[in-house]
file target22.txt (compact mmCIF, C-alpha atoms and all ligand atoms)
# COMPACT_ATOMS: atom_id res chain seq x y z
CA MET C 225 -31.97 -99.31 -43.43
CA SER C 226 -33.60 -96.49 -45.42
CA ARG C 227 -33.58 -96.27 -49.20
CA PHE C 228 -31.24 -93.28 -48.84
CA LEU C 229 -28.21 -95.18 -47.54
CA SER C 230 -25.37 -95.05 -50.05
CA GLY C 231 -25.02 -98.30 -51.94
CA ARG C 232 -21.42 -98.34 -50.71
CA TYR C 233 -22.63 -99.37 -47.24
CA ALA C 234 -25.45 -101.71 -48.23
CA GLY C 235 -25.18 -104.85 -46.11
CA PHE C 236 -22.18 -103.44 -44.27
CA GLU C 237 -21.80 -104.77 -40.73
CA ALA C 238 -20.73 -102.03 -38.30
CA TYR C 239 -18.57 -102.58 -35.23
CA THR C 240 -20.48 -103.66 -32.11
CA PRO C 241 -19.12 -101.87 -29.04
CA GLY C 242 -19.21 -103.57 -25.65
CA GLU C 243 -22.56 -103.13 -23.96
CA GLN C 244 -23.05 -100.20 -21.59
CA PRO C 245 -26.42 -101.15 -20.03
CA GLN C 246 -28.22 -98.52 -18.00
CA ASP C 247 -30.89 -100.79 -16.45
CA ARG C 248 -29.07 -101.67 -13.21
CA LYS C 249 -25.67 -101.47 -11.58
CA TYR C 250 -23.28 -104.14 -12.82
CA ILE C 251 -19.73 -105.06 -11.95
CA LYS C 252 -18.43 -103.96 -15.33
CA LEU C 253 -15.68 -106.25 -16.56
CA ASN C 254 -16.61 -106.06 -20.24
CA THR C 255 -14.93 -103.06 -21.90
CA ASN C 256 -11.45 -102.92 -20.36
CA GLU C 257 -12.06 -99.62 -18.58
CA SER C 258 -10.01 -98.71 -15.53
CA PRO C 259 -11.78 -99.35 -12.22
CA PHE C 260 -9.91 -96.35 -10.79
CA PRO C 261 -11.19 -92.77 -11.10
CA PRO C 262 -9.10 -90.09 -12.80
CA ALA C 263 -6.64 -88.27 -10.53
CA GLU C 264 -8.29 -85.35 -8.74
CA LYS C 265 -6.16 -82.84 -10.64
CA VAL C 266 -7.62 -84.25 -13.86
CA THR C 267 -11.27 -83.75 -12.93
CA LEU C 268 -10.47 -80.26 -11.61
CA ALA C 269 -8.66 -79.33 -14.83
CA ALA C 270 -11.58 -80.55 -16.97
CA ALA C 271 -14.09 -78.65 -14.81
CA GLU C 272 -12.03 -75.48 -14.99
CA GLU C 273 -11.67 -75.74 -18.77
CA SER C 274 -15.44 -76.20 -19.13
CA LYS C 275 -15.71 -72.44 -18.56
CA ASN C 276 -14.11 -71.91 -21.98
CA LEU C 277 -16.39 -74.22 -23.94
CA ASN C 278 -17.72 -71.29 -25.95
CA LEU C 279 -14.36 -71.28 -27.77
CA TYR C 280 -13.02 -73.90 -30.17
CA SER C 281 -10.15 -76.00 -28.99
CA ASP C 282 -6.58 -75.57 -30.30
CA PRO C 283 -6.53 -77.74 -33.45
CA GLU C 284 -2.80 -78.30 -32.99
CA CYS C 285 -3.20 -79.42 -29.35
CA THR C 286 0.02 -77.55 -28.59
CA LEU C 287 0.02 -77.97 -24.80
CA LEU C 288 -1.12 -81.57 -24.94
CA ARG C 289 1.55 -82.53 -27.47
CA LYS C 290 4.21 -80.85 -25.35
CA ALA C 291 3.06 -82.68 -22.20
CA ALA C 292 2.80 -86.00 -24.06
CA ALA C 293 6.27 -85.54 -25.56
CA GLY C 294 7.75 -85.48 -22.06
CA VAL C 295 6.09 -88.76 -21.10
CA PHE C 296 6.56 -90.61 -24.40
CA GLY C 297 10.16 -89.46 -24.76
CA VAL C 298 9.85 -88.03 -28.28
CA GLU C 299 9.64 -84.51 -29.74
CA PRO C 300 6.12 -82.96 -29.96
CA GLU C 301 6.25 -83.14 -33.80
CA TYR C 302 6.03 -86.92 -33.49
CA ILE C 303 2.68 -86.80 -31.67
CA LEU C 304 -0.88 -86.47 -32.93
CA PRO C 305 -3.55 -86.36 -30.20
CA VAL C 306 -6.85 -87.91 -31.25
CA ASN C 307 -10.42 -88.50 -30.12
CA GLY C 308 -9.72 -92.01 -28.82
CA SER C 309 -7.29 -94.33 -30.58
CA ASP C 310 -10.12 -95.63 -32.77
CA GLU C 311 -9.87 -92.27 -34.52
CA ILE C 312 -6.18 -92.59 -35.37
CA LEU C 313 -6.77 -96.12 -36.63
CA ASN C 314 -9.50 -94.82 -38.91
CA MET C 315 -7.37 -91.92 -40.12
CA ALA C 316 -4.33 -94.13 -40.69
CA PHE C 317 -6.34 -96.68 -42.67
CA MET C 318 -7.66 -93.80 -44.81
CA ALA C 319 -4.23 -92.23 -45.23
CA PHE C 320 -2.15 -95.32 -46.01
CA CYS C 321 -4.49 -98.03 -47.31
CA GLY C 322 -6.88 -98.33 -50.20
CA LYS C 323 -8.21 -100.59 -52.92
CA ASP C 324 -4.65 -101.25 -54.12
CA ALA C 325 -2.98 -101.02 -50.70
CA PRO C 326 -4.28 -103.86 -48.49
CA ILE C 327 -3.84 -104.18 -44.75
CA ALA C 328 -2.66 -107.33 -42.96
CA TYR C 329 -3.48 -108.21 -39.37
CA PRO C 330 -3.95 -111.30 -37.18
CA GLU C 331 -7.16 -113.24 -37.76
CA ILE C 332 -7.97 -112.91 -34.07
CA SER C 333 -7.43 -109.31 -33.04
CA TYR C 334 -9.27 -106.05 -32.38
CA GLY C 335 -12.54 -106.23 -34.33
CA PHE C 336 -12.27 -102.63 -35.48
CA TYR C 337 -9.52 -103.50 -37.99
CA SER C 338 -11.80 -105.61 -40.18
CA VAL C 339 -14.63 -103.10 -39.82
CA LEU C 340 -12.39 -100.23 -40.97
CA ALA C 341 -11.07 -102.27 -43.87
CA GLY C 342 -14.65 -103.01 -44.94
CA LEU C 343 -15.75 -99.40 -44.46
CA HIS C 344 -13.00 -98.05 -46.70
CA GLY C 345 -13.00 -100.87 -49.27
CA ILE C 346 -9.50 -101.97 -48.25
CA PRO C 347 -8.61 -105.61 -48.98
CA ALA C 348 -7.86 -107.34 -45.67
CA ILE C 349 -5.20 -110.02 -45.28
CA GLU C 350 -6.16 -111.92 -42.12
CA LEU C 351 -3.29 -114.13 -40.97
CA PRO C 352 -4.12 -117.09 -38.70
CA LEU C 353 -2.59 -117.38 -35.24
CA ARG C 354 -0.85 -120.47 -33.93
CA SER C 355 -3.14 -122.90 -32.07
CA ASP C 356 -2.09 -121.36 -28.74
CA PHE C 357 -3.22 -117.93 -30.03
CA THR C 358 0.32 -116.57 -30.32
CA ILE C 359 1.22 -114.51 -33.38
CA ASP C 360 3.98 -116.02 -35.53
CA HIS C 361 5.86 -112.81 -36.23
CA ARG C 362 7.61 -114.48 -39.20
CA ASP C 363 4.25 -114.30 -41.06
CA TYR C 364 4.77 -110.53 -41.16
CA VAL C 365 8.51 -110.36 -41.81
CA GLY C 366 9.05 -109.21 -45.41
CA LEU C 367 5.32 -109.34 -46.12
CA HIS C 368 5.49 -106.07 -48.09
CA GLN C 369 1.99 -105.01 -47.08
CA ASN C 370 0.62 -102.46 -44.65
CA ILE C 371 0.27 -104.14 -41.27
CA VAL C 372 -1.60 -103.48 -38.04
CA ILE C 373 -0.87 -105.50 -34.92
CA ALA C 374 -2.18 -104.89 -31.41
CA ASN C 375 0.67 -105.49 -28.98
CA PRO C 376 -0.43 -106.85 -26.53
CA ASN C 377 -2.98 -108.44 -28.84
CA ALA C 378 -6.68 -108.27 -28.12
CA PRO C 379 -8.52 -110.22 -26.85
CA THR C 380 -5.73 -112.67 -26.04
CA GLY C 381 -3.39 -110.28 -24.20
CA LEU C 382 -0.40 -112.05 -25.77
CA CYS C 383 2.68 -110.04 -26.76
CA LEU C 384 5.31 -109.94 -29.45
CA THR C 385 8.77 -109.02 -28.18
CA LEU C 386 10.19 -105.64 -29.10
CA GLU C 387 12.81 -107.42 -31.24
CA GLN C 388 10.04 -109.18 -33.20
CA VAL C 389 8.21 -105.88 -33.72
CA GLN C 390 11.44 -104.30 -34.91
CA GLU C 391 12.04 -107.12 -37.38
CA ILE C 392 8.54 -106.65 -38.82
CA VAL C 393 8.98 -102.89 -39.16
CA GLU C 394 12.48 -103.15 -40.62
CA SER C 395 11.57 -105.82 -43.17
CA ASN C 396 8.60 -103.87 -44.59
CA PRO C 397 10.32 -100.56 -45.34
CA ASP C 398 7.91 -99.58 -48.13
CA ASN C 399 4.78 -100.13 -46.08
CA VAL C 400 3.33 -98.63 -42.92
CA VAL C 401 3.35 -100.81 -39.83
CA ILE C 402 0.87 -99.77 -37.13
CA ILE C 403 1.54 -101.08 -33.64
CA ASP C 404 -1.59 -100.57 -31.53
CA GLU C 405 -0.38 -100.24 -27.94
CA ALA C 406 -3.79 -99.76 -26.30
CA TYR C 407 -2.76 -102.17 -23.51
CA VAL C 408 1.00 -101.74 -23.34
CA ASP C 409 1.07 -100.08 -19.90
CA PHE C 410 -0.10 -103.29 -18.22
CA GLY C 411 3.01 -105.32 -19.03
CA GLY C 412 4.05 -104.99 -22.69
CA LYS C 413 7.15 -103.38 -24.18
CA SER C 414 6.52 -100.18 -26.12
CA ALA C 415 7.84 -99.60 -29.62
CA VAL C 416 7.66 -95.80 -29.19
CA ARG C 417 11.42 -95.55 -28.95
CA LEU C 418 11.69 -96.99 -32.47
CA VAL C 419 9.70 -94.22 -34.19
CA SER C 420 12.68 -91.91 -34.67
CA ARG C 421 14.56 -94.74 -36.34
CA TYR C 422 11.85 -96.23 -38.59
CA HIS C 423 9.92 -93.79 -40.75
CA ASN C 424 7.26 -96.40 -41.57
CA LEU C 425 6.24 -97.10 -37.95
CA LEU C 426 3.08 -95.66 -36.39
CA VAL C 427 2.49 -96.44 -32.71
CA THR C 428 -1.01 -95.80 -31.35
CA ARG C 429 -1.82 -95.29 -27.68
CA THR C 430 -4.99 -94.68 -25.72
CA PHE C 431 -5.74 -93.10 -22.36
CA SER C 432 -9.01 -95.08 -22.19
CA LYS C 433 -7.56 -97.96 -20.22
CA SER C 434 -4.34 -97.15 -18.36
CA HIS C 435 -5.22 -93.49 -17.71
CA SER C 436 -8.86 -93.77 -16.61
CA LEU C 437 -10.17 -91.54 -19.43
CA ALA C 438 -12.38 -93.85 -21.53
CA GLY C 439 -15.26 -91.38 -21.26
CA ALA C 440 -13.10 -88.43 -22.32
CA ARG C 441 -11.92 -90.04 -25.59
CA LEU C 442 -8.19 -89.41 -25.80
CA GLY C 443 -5.58 -91.27 -27.77
CA PHE C 444 -2.29 -90.54 -29.53
CA GLY C 445 -0.57 -91.40 -32.75
CA ILE C 446 3.23 -91.39 -32.46
CA ALA C 447 5.29 -91.49 -35.64
CA ASP C 448 7.81 -89.74 -37.85
CA PRO C 449 6.60 -86.17 -38.56
CA GLU C 450 6.13 -87.05 -42.25
CA LEU C 451 3.65 -89.81 -41.35
CA ILE C 452 1.96 -87.43 -38.91
CA ALA C 453 1.64 -84.87 -41.73
CA ASP C 454 -0.03 -87.51 -43.92
CA ILE C 455 -2.53 -88.36 -41.18
CA ASN C 456 -3.16 -84.65 -40.63
CA ILE C 457 -4.49 -84.44 -44.18
CA ILE C 458 -7.33 -86.72 -43.05
CA LYS C 459 -7.72 -84.99 -39.68
CA TYR C 460 -8.02 -81.50 -41.17
CA SER C 461 -10.40 -82.79 -43.84
CA THR C 462 -12.74 -84.46 -41.38
CA ASN C 463 -12.50 -83.06 -37.84
CA PRO C 464 -9.84 -80.36 -37.22
CA TYR C 465 -10.98 -79.81 -33.60
CA ASN C 466 -10.96 -83.51 -32.85
CA VAL C 467 -9.82 -83.22 -29.22
CA ASN C 468 -12.20 -81.06 -27.21
CA ARG C 469 -11.09 -78.51 -24.62
CA MET C 470 -12.08 -80.52 -21.53
CA THR C 471 -10.38 -83.66 -22.78
CA SER C 472 -7.26 -81.73 -23.73
CA ALA C 473 -7.05 -80.16 -20.26
CA ALA C 474 -7.74 -83.55 -18.63
CA GLY C 475 -4.99 -85.07 -20.79
CA VAL C 476 -2.38 -82.49 -19.81
CA ALA C 477 -3.22 -83.03 -16.12
CA ALA C 478 -3.19 -86.83 -16.53
CA LEU C 479 0.27 -86.70 -18.12
CA ASP C 480 1.41 -84.65 -15.15
CA GLU C 481 0.06 -87.37 -12.84
CA ASN C 482 1.58 -90.24 -14.81
CA ASP C 483 2.97 -91.93 -11.70
CA TYR C 484 -0.55 -92.27 -10.22
CA TYR C 485 -1.65 -94.11 -13.35
CA LEU C 486 1.42 -96.32 -13.58
CA THR C 487 0.82 -97.33 -9.95
CA ASN C 488 -2.78 -98.23 -10.87
CA CYS C 489 -1.54 -100.26 -13.85
CA GLY C 490 0.74 -102.17 -11.46
CA ILE C 491 -2.22 -102.95 -9.17
CA ILE C 492 -4.24 -104.15 -12.15
CA ALA C 493 -1.37 -106.35 -13.35
CA ARG C 494 -1.19 -107.94 -9.88
CA ASN C 495 -4.98 -108.45 -9.82
CA ARG C 496 -4.69 -110.05 -13.27
CA GLU C 497 -2.12 -112.59 -12.08
CA TYR C 498 -4.19 -113.31 -8.94
CA THR C 499 -7.34 -113.89 -11.00
CA ALA C 500 -5.55 -115.97 -13.65
CA GLN C 501 -4.10 -118.23 -10.97
CA ARG C 502 -7.50 -118.74 -9.27
CA LEU C 503 -9.22 -119.45 -12.60
CA ARG C 504 -6.55 -121.98 -13.58
CA GLU C 505 -7.13 -123.70 -10.23
CA LYS C 506 -10.82 -123.96 -11.20
CA GLY C 507 -9.84 -125.71 -14.46
CA PHE C 508 -9.87 -122.76 -16.83
CA TYR C 509 -7.51 -122.33 -19.75
CA VAL C 510 -6.16 -118.79 -19.43
CA THR C 511 -3.85 -117.14 -21.96
CA ASP C 512 -0.73 -115.48 -20.53
CA SER C 513 -2.20 -112.00 -20.86
CA LYS C 514 -0.08 -108.90 -20.33
CA ALA C 515 -3.11 -106.62 -20.76
CA ASN C 516 -5.87 -105.49 -18.37
CA PHE C 517 -8.04 -108.47 -19.27
CA LEU C 518 -7.98 -112.26 -19.33
CA PHE C 519 -9.11 -114.49 -22.17
CA VAL C 520 -10.43 -117.70 -20.65
CA LYS C 521 -12.36 -120.87 -21.36
CA ASN C 522 -13.50 -123.92 -19.49
CA ASP C 523 -14.48 -127.33 -20.89
CA VAL C 524 -17.65 -127.61 -18.83
CA ILE C 525 -19.35 -124.38 -19.84
CA SER C 526 -19.43 -122.55 -23.17
CA GLY C 527 -18.37 -118.92 -23.47
CA GLY C 528 -21.92 -117.81 -24.23
CA ALA C 529 -23.38 -119.72 -21.26
CA LEU C 530 -20.76 -118.35 -18.86
CA TYR C 531 -21.38 -114.80 -20.12
CA SER C 532 -25.16 -115.17 -19.54
CA ALA C 533 -24.81 -116.78 -16.11
CA LEU C 534 -22.47 -114.01 -14.98
CA ARG C 535 -24.77 -111.35 -16.38
CA ASP C 536 -27.67 -112.85 -14.40
CA ARG C 537 -25.49 -112.40 -11.31
CA GLY C 538 -24.80 -108.75 -12.10
CA ILE C 539 -21.34 -109.20 -13.64
CA LEU C 540 -20.64 -108.18 -17.22
CA VAL C 541 -17.87 -109.81 -19.24
CA ARG C 542 -17.41 -109.90 -23.02
CA HIS C 543 -18.31 -112.81 -25.27
CA PHE C 544 -17.46 -112.56 -28.97
CA SER C 545 -19.86 -114.24 -31.38
CA ASN C 546 -17.10 -115.45 -33.67
CA LYS C 547 -16.55 -119.16 -34.17
CA LEU C 548 -12.82 -118.87 -33.43
CA MET C 549 -13.54 -117.39 -30.00
CA ASP C 550 -16.90 -118.93 -29.18
CA ASP C 551 -15.62 -120.99 -26.22
CA PHE C 552 -14.01 -117.98 -24.56
CA VAL C 553 -14.98 -114.96 -22.54
CA ARG C 554 -12.83 -111.90 -22.02
CA ILE C 555 -12.76 -110.61 -18.46
CA SER C 556 -11.53 -107.07 -17.79
CA ILE C 557 -9.43 -106.72 -14.65
CA GLY C 558 -10.90 -104.54 -11.93
CA THR C 559 -10.24 -104.05 -8.24
CA ARG C 560 -9.41 -107.01 -6.00
CA GLU C 561 -12.98 -106.82 -4.59
CA GLN C 562 -14.47 -106.98 -8.10
CA MET C 563 -12.25 -109.93 -9.01
CA ASP C 564 -13.22 -111.76 -5.81
CA ALA C 565 -16.89 -111.21 -6.67
CA LEU C 566 -16.23 -112.61 -10.15
CA LEU C 567 -14.38 -115.65 -8.77
CA GLU C 568 -17.18 -116.37 -6.32
CA ALA C 569 -19.81 -116.10 -9.06
CA VAL C 570 -17.75 -118.42 -11.29
CA SER C 571 -17.53 -121.00 -8.49
CA ASN C 572 -21.30 -120.82 -7.94
CA ILE C 573 -21.95 -121.25 -11.66
CA LEU C 574 -19.60 -124.23 -11.96
CA ASN C 575 -21.16 -125.87 -8.88
CA SER C 576 -24.79 -125.26 -9.86
N1 LIG R 601 -7.14 -100.75 -29.85
C1 LIG R 601 -7.53 -101.82 -29.16
C2 LIG R 601 -6.72 -103.07 -29.30
C3 LIG R 601 -8.65 -101.77 -28.32
O1 LIG R 601 -9.04 -102.86 -27.66
C4 LIG R 601 -9.38 -100.57 -28.20
C5 LIG R 601 -10.56 -100.48 -27.28
N2 LIG R 601 -11.75 -100.85 -27.78
C6 LIG R 601 -8.95 -99.48 -28.96
C7 LIG R 601 -7.83 -99.58 -29.76
C8 LIG R 601 -9.70 -98.18 -28.98
O2 LIG R 601 -9.65 -97.50 -27.79
P1 LIG R 601 -10.10 -95.99 -27.68
O3 LIG R 601 -10.79 -95.59 -28.95
O4 LIG R 601 -11.02 -95.96 -26.50
O5 LIG R 601 -8.85 -95.22 -27.46

call {"tool": "encode", "arguments": {"input": "target22.txt", "output": "structure tokens"}}
result
Amino acid sequence: MSRFLSGRYAGFEAYTPGEQPQDRKYIKLNTNESPFPPAEKVTLAAAEESKNLNLYSDPECTLLRKAAAGVFGVEPEYILPVNGSDEILNMAFMAFCGKDAPIAYPEISYGFYSVLAGLHGIPAIELPLRSDFTIDHRDYVGLHQNIVIANPNAPTGLCLTLEQVQEIVESNPDNVVIIDEAYVDFGGKSAVRLVSRYHNLLVTRTFSKSHSLAGARLGFGIADPELIADINIIKYSTNPYNVNRMTSAAGVAALDENDYYLTNCGIIARNREYTAQRLREKGFYVTDSKANFLFVKNDVISGGALYSALRDRGILVRHFSNKLMDDFVRISIGTREQMDALLEAVSNILNS
């Protein structure tokens, strides 16, 4: 740290993204990317649009919003495209939270929430999960605080029902409820259809996982146009051209190829159930994940030791250095071949 860093950030601990090592080829099961490439139309559209990179992108993302509206089943005014869903989370925290407007979220959830709260000096209300890692939705009913919940939750993959989400949103009418649906396409139930009814609901989506575009950085905020206008104050004050031309073109093409991606999500969901079953047979505790990852532990080997042993064998998974999750690793779901390689490596490790 230099002596120039603002005192505001002294001692601040930034988010640690999943590792992206460049030293050798790994089977990458650590950052919940899709193992499937983008549809061909998507790569062609991005390549074609690269010819226009001398020009700024459309700050209103008109075509992208129109295409997304068709798939999400809402009017374009309800949609704000963003540079990955991390960006909308940041902008929403800035727009709706502050020193006197805390944010509540589950104690075990996406690590970015606590980082953003710290970054912006927002008091965080971290609510414990039940011992089986499920969220007790009643903790949030009538809480009268801003709330962010990943549904499915990360890194457990466990879901609230749509009725439970609705009860949370309805019972906190004077606060914003953010439902982070980064993983919803793998088996959750989306709350998008509630946005026209509840003016305090913001649903966030990403194309990083289900739509094979992690490297393009594309996400969406979906909410009542008044909430979108509030978030636009932050967008236009920080990064008006937040979605670049190639990503925008890739996004429009990806929305047009939605069936290809939903088929891939179905394959991943089947690979998830296959892997979960095999791991349970090997004595693992596996949460009932509806996302594109599994959250697993085994009594004979710690999470850290399993992570290292897999890494030595060329397989990357994610281990969180947090005492609540220390026993666990999170395994992203890849192709059947990748999952078979993982299962074989796990067997070798347990038998060694
Ligand atoms: N929400 C959750 C729950 C996530 O796990 C992630 C991925 N790290 C994100 C949001 C952000 O995804 P992205 O910025 O790639 O859209």

call {"tool": "atom_distance", "arguments": {"input": "target22.txt", "atom1": "CA of His344 in chain C", "atom2": "CA of Met318 in chain C"}}
result
7.1 Å

call {"tool": "residues_around", "arguments": {"input": "target22.txt", "residues": "range 553-555 of chain C", "least_positions_apart": "3", "cutoff": "10 Å", "atoms": "only C-alpha atoms", "output": "PyMOL selection string"}}
result
chain C and resi 252-256+378-381+496+499+510+516-522+526-531+539-544+549-550+558+563+566

call {"tool": "residues_near_ligand", "arguments": {"input": "target22.txt", "ligand": "ligand LIG 601 (chain R)", "cutoff": "9 Å", "atoms": "all atoms listed in the file", "output": "ChimeraX atom specification"}}
result
/C:241-242,255-257,306-313,333-337,373-379,404-407,428-433,437-444

call {"tool": "atom_distance", "arguments": {"input": "target22.txt", "atom1": "CA of Thr385 in chain C", "atom2": "CA of Glu350 in chain C"}}
result
20.6 Å

call {"tool": "residues_near_point", "arguments": {"input": "target22.txt", "point": "(10.6, -114.1, -44.0)", "cutoff": "12 Å", "atoms": "all atoms listed in the file", "output": "list in words"}}
result
Asp360, His361, Arg362, Asp363, Tyr364, Val365, Gly366, Leu367, His368, Gln388, Glu391, Ile392, Glu394, Ser395 and Asn396 of chain C

call {"tool": "atom_distance", "arguments": {"input": "target22.txt", "atom1": "CA of Leu548 in chain C", "atom2": "CA of Ile573 in chain C"}}
result
23.7 Å

call {"tool": "closest_residue", "arguments": {"input": "target22.txt", "among": "C:Ser338, C:Pro261, C:Ala319, C:Lys290", "to": "Ala238 in chain C", "atoms": "only C-alpha atoms"}}
result
C:Ser338

call {"tool": "residues_around", "arguments": {"input": "target22.txt", "residues": "Ala325 in chain C", "least_positions_apart": "2", "cutoff": "8 Å", "atoms": "all atoms listed in the file", "output": "ChimeraX atom specification"}}
result
/C:320-323,327,346-347,369-370

call {"tool": "residues_around", "arguments": {"input": "target22.txt", "residues": "range 230-236 of chain C", "least_positions_apart": "6", "cutoff": "9 Å", "atoms": "only C-alpha atoms", "output": "list in words"}}
result
Val339, Gly342, Leu343 and Gly345 of chain C

call {"tool": "write_last_selection", "arguments": {"input": "target22.txt", "atoms": "C-alpha atoms", "output": "tab-separated table (two decimals), in the coordinates of the input"}}
result
chain	number	residue	atom	x	y	z
C	339	VAL	CA	-14.63	-103.10	-39.82
C	342	GLY	CA	-14.65	-103.01	-44.94
C	343	LEU	CA	-15.75	-99.40	-44.46
C	345	GLY	CA	-13.00	-100.87	-49.27

call {"tool": "residues_around", "arguments": {"input": "target22.txt", "residues": "range 413-416 of chain C", "least_positions_apart": "2", "cutoff": "12 Å", "atoms": "all atoms listed in the file", "output": "PDB file with C-alpha atoms, in the frame of the given file"}}
result
ATOM      1  CA  ALA C 293       6.270 -85.540 -25.560  1.00  0.00           C
ATOM      2  CA  VAL C 295       6.090 -88.760 -21.100  1.00  0.00           C
ATOM      3  CA  PHE C 296       6.560 -90.610 -24.400  1.00  0.00           C
ATOM      4  CA  GLY C 297      10.160 -89.460 -24.760  1.00  0.00           C
ATOM      5  CA  VAL C 298       9.850 -88.030 -28.280  1.00  0.00           C
ATOM      6  CA  GLU C 299       9.640 -84.510 -29.740  1.00  0.00           C
ATOM      7  CA  TYR C 302       6.030 -86.920 -33.490  1.00  0.00           C
ATOM      8  CA  ILE C 303       2.680 -86.800 -31.670  1.00  0.00           C
ATOM      9  CA  ILE C 373      -0.870-105.500 -34.920  1.00  0.00           C
ATOM     10  CA  ALA C 374      -2.180-104.890 -31.410  1.00  0.00           C
ATOM     11  CA  ASN C 375       0.670-105.490 -28.980  1.00  0.00           C
ATOM     12  CA  PRO C 376      -0.430-106.850 -26.530  1.00  0.00           C
ATOM     13  CA  LEU C 382      -0.400-112.050 -25.770  1.00  0.00           C
ATOM     14  CA  CYS C 383       2.680-110.040 -26.760  1.00  0.00           C
ATOM     15  CA  LEU C 384       5.310-109.940 -29.450  1.00  0.00           C
ATOM     16  CA  THR C 385       8.770-109.020 -28.180  1.00  0.00           C
ATOM     17  CA  LEU C 386      10.190-105.640 -29.100  1.00  0.00           C
ATOM     18  CA  GLU C 387      12.810-107.420 -31.240  1.00  0.00           C
ATOM     19  CA  GLN C 388      10.040-109.180 -33.200  1.00  0.00           C
ATOM     20  CA  VAL C 389       8.210-105.880 -33.720  1.00  0.00           C
ATOM     21  CA  GLN C 390      11.440-104.300 -34.910  1.00  0.00           C
ATOM     22  CA  GLU C 391      12.040-107.120 -37.380  1.00  0.00           C
ATOM     23  CA  ILE C 392       8.540-106.650 -38.820  1.00  0.00           C
ATOM     24  CA  VAL C 393       8.980-102.890 -39.160  1.00  0.00           C
ATOM     25  CA  VAL C 401       3.350-100.810 -39.830  1.00  0.00           C
ATOM     26  CA  ILE C 402       0.870 -99.770 -37.130  1.00  0.00           C
ATOM     27  CA  ILE C 403       1.540-101.080 -33.640  1.00  0.00           C
ATOM     28  CA  ASP C 404      -1.590-100.570 -31.530  1.00  0.00           C
ATOM     29  CA  GLU C 405      -0.380-100.240 -27.940  1.00  0.00           C
ATOM     30  CA  ALA C 406      -3.790 -99.760 -26.300  1.00  0.00           C
ATOM     31  CA  TYR C 407      -2.760-102.170 -23.510  1.00  0.00           C
ATOM     32  CA  VAL C 408       1.000-101.740 -23.340  1.00  0.00           C
ATOM     33  CA  ASP C 409       1.070-100.080 -19.900  1.00  0.00           C
ATOM     34  CA  PHE C 410      -0.100-103.290 -18.220  1.00  0.00           C
ATOM     35  CA  GLY C 411       3.010-105.320 -19.030  1.00  0.00           C
ATOM     36  CA  LEU C 418      11.690 -96.990 -32.470  1.00  0.00           C
ATOM     37  CA  VAL C 419       9.700 -94.220 -34.190  1.00  0.00           C
ATOM     38  CA  SER C 420      12.680 -91.910 -34.670  1.00  0.00           C
ATOM     39  CA  ARG C 421      14.560 -94.740 -36.340  1.00  0.00           C
ATOM     40  CA  TYR C 422      11.850 -96.230 -38.590  1.00  0.00           C
ATOM     41  CA  HIS C 423       9.920 -93.790 -40.750  1.00  0.00           C
ATOM     42  CA  LEU C 425       6.240 -97.100 -37.950  1.00  0.00           C
ATOM     43  CA  LEU C 426       3.080 -95.660 -36.390  1.00  0.00           C
ATOM     44  CA  VAL C 427       2.490 -96.440 -32.710  1.00  0.00           C
ATOM     45  CA  THR C 428      -1.010 -95.800 -31.350  1.00  0.00           C
ATOM     46  CA  ARG C 429      -1.820 -95.290 -27.680  1.00  0.00           C
ATOM     47  CA  PHE C 444      -2.290 -90.540 -29.530  1.00  0.00           C
ATOM     48  CA  GLY C 445      -0.570 -91.400 -32.750  1.00  0.00           C
ATOM     49  CA  ILE C 446       3.230 -91.390 -32.460  1.00  0.00           C
ATOM     50  CA  ALA C 447       5.290 -91.490 -35.640  1.00  0.00           C
ATOM     51  CA  ASP C 448       7.810 -89.740 -37.850  1.00  0.00           C
ATOM     52  CA  LYS C 514      -0.080-108.900 -20.330  1.00  0.00           C
ATOM     53  CA  ALA C 515      -3.110-106.620 -20.760  1.00  0.00           C
TER      54      ALA C 515
END

call {"tool": "residues_around", "arguments": {"input": "target22.txt", "residues": "range 275-277 of chain C", "least_positions_apart": "5", "cutoff": "9 Å", "atoms": "all atoms listed in the file", "output": "JSON, numbers by chain"}}
result
{"C": [468, 469, 470]}

call {"tool": "axis_aligned_box", "arguments": {"input": "target22.txt", "around": "range 386-399 of chain C", "padding_each_side": "3 Å", "output": "lines of an AutoDock Vina configuration file"}}
result
center_x = 8.8
center_y = -104.4
center_z = -38.6
size_x = 14.0
size_y = 15.6
size_z = 25.0

call {"tool": "closest_residue", "arguments": {"input": "target22.txt", "among": "C:Ala316, C:Val266, C:Ile525, C:Ala477", "to": "Asn575 in chain C", "atoms": "only C-alpha atoms"}}
result
C:Ile525

call {"tool": "closest_residue", "arguments": {"input": "target22.txt", "among": "C:Gly490, C:Ser434, C:Asp512, C:Asn546", "to": "Phe357 in chain C", "atoms": "only C-alpha atoms"}}
result
C:Asp512

call {"tool": "closest_residue", "arguments": {"input": "target22.txt", "among": "C:Glu272, C:Ser472, C:Met315, C:Ser545", "to": "Ala453 in chain C", "atoms": "all atoms listed in the file"}}
result
C:Met315
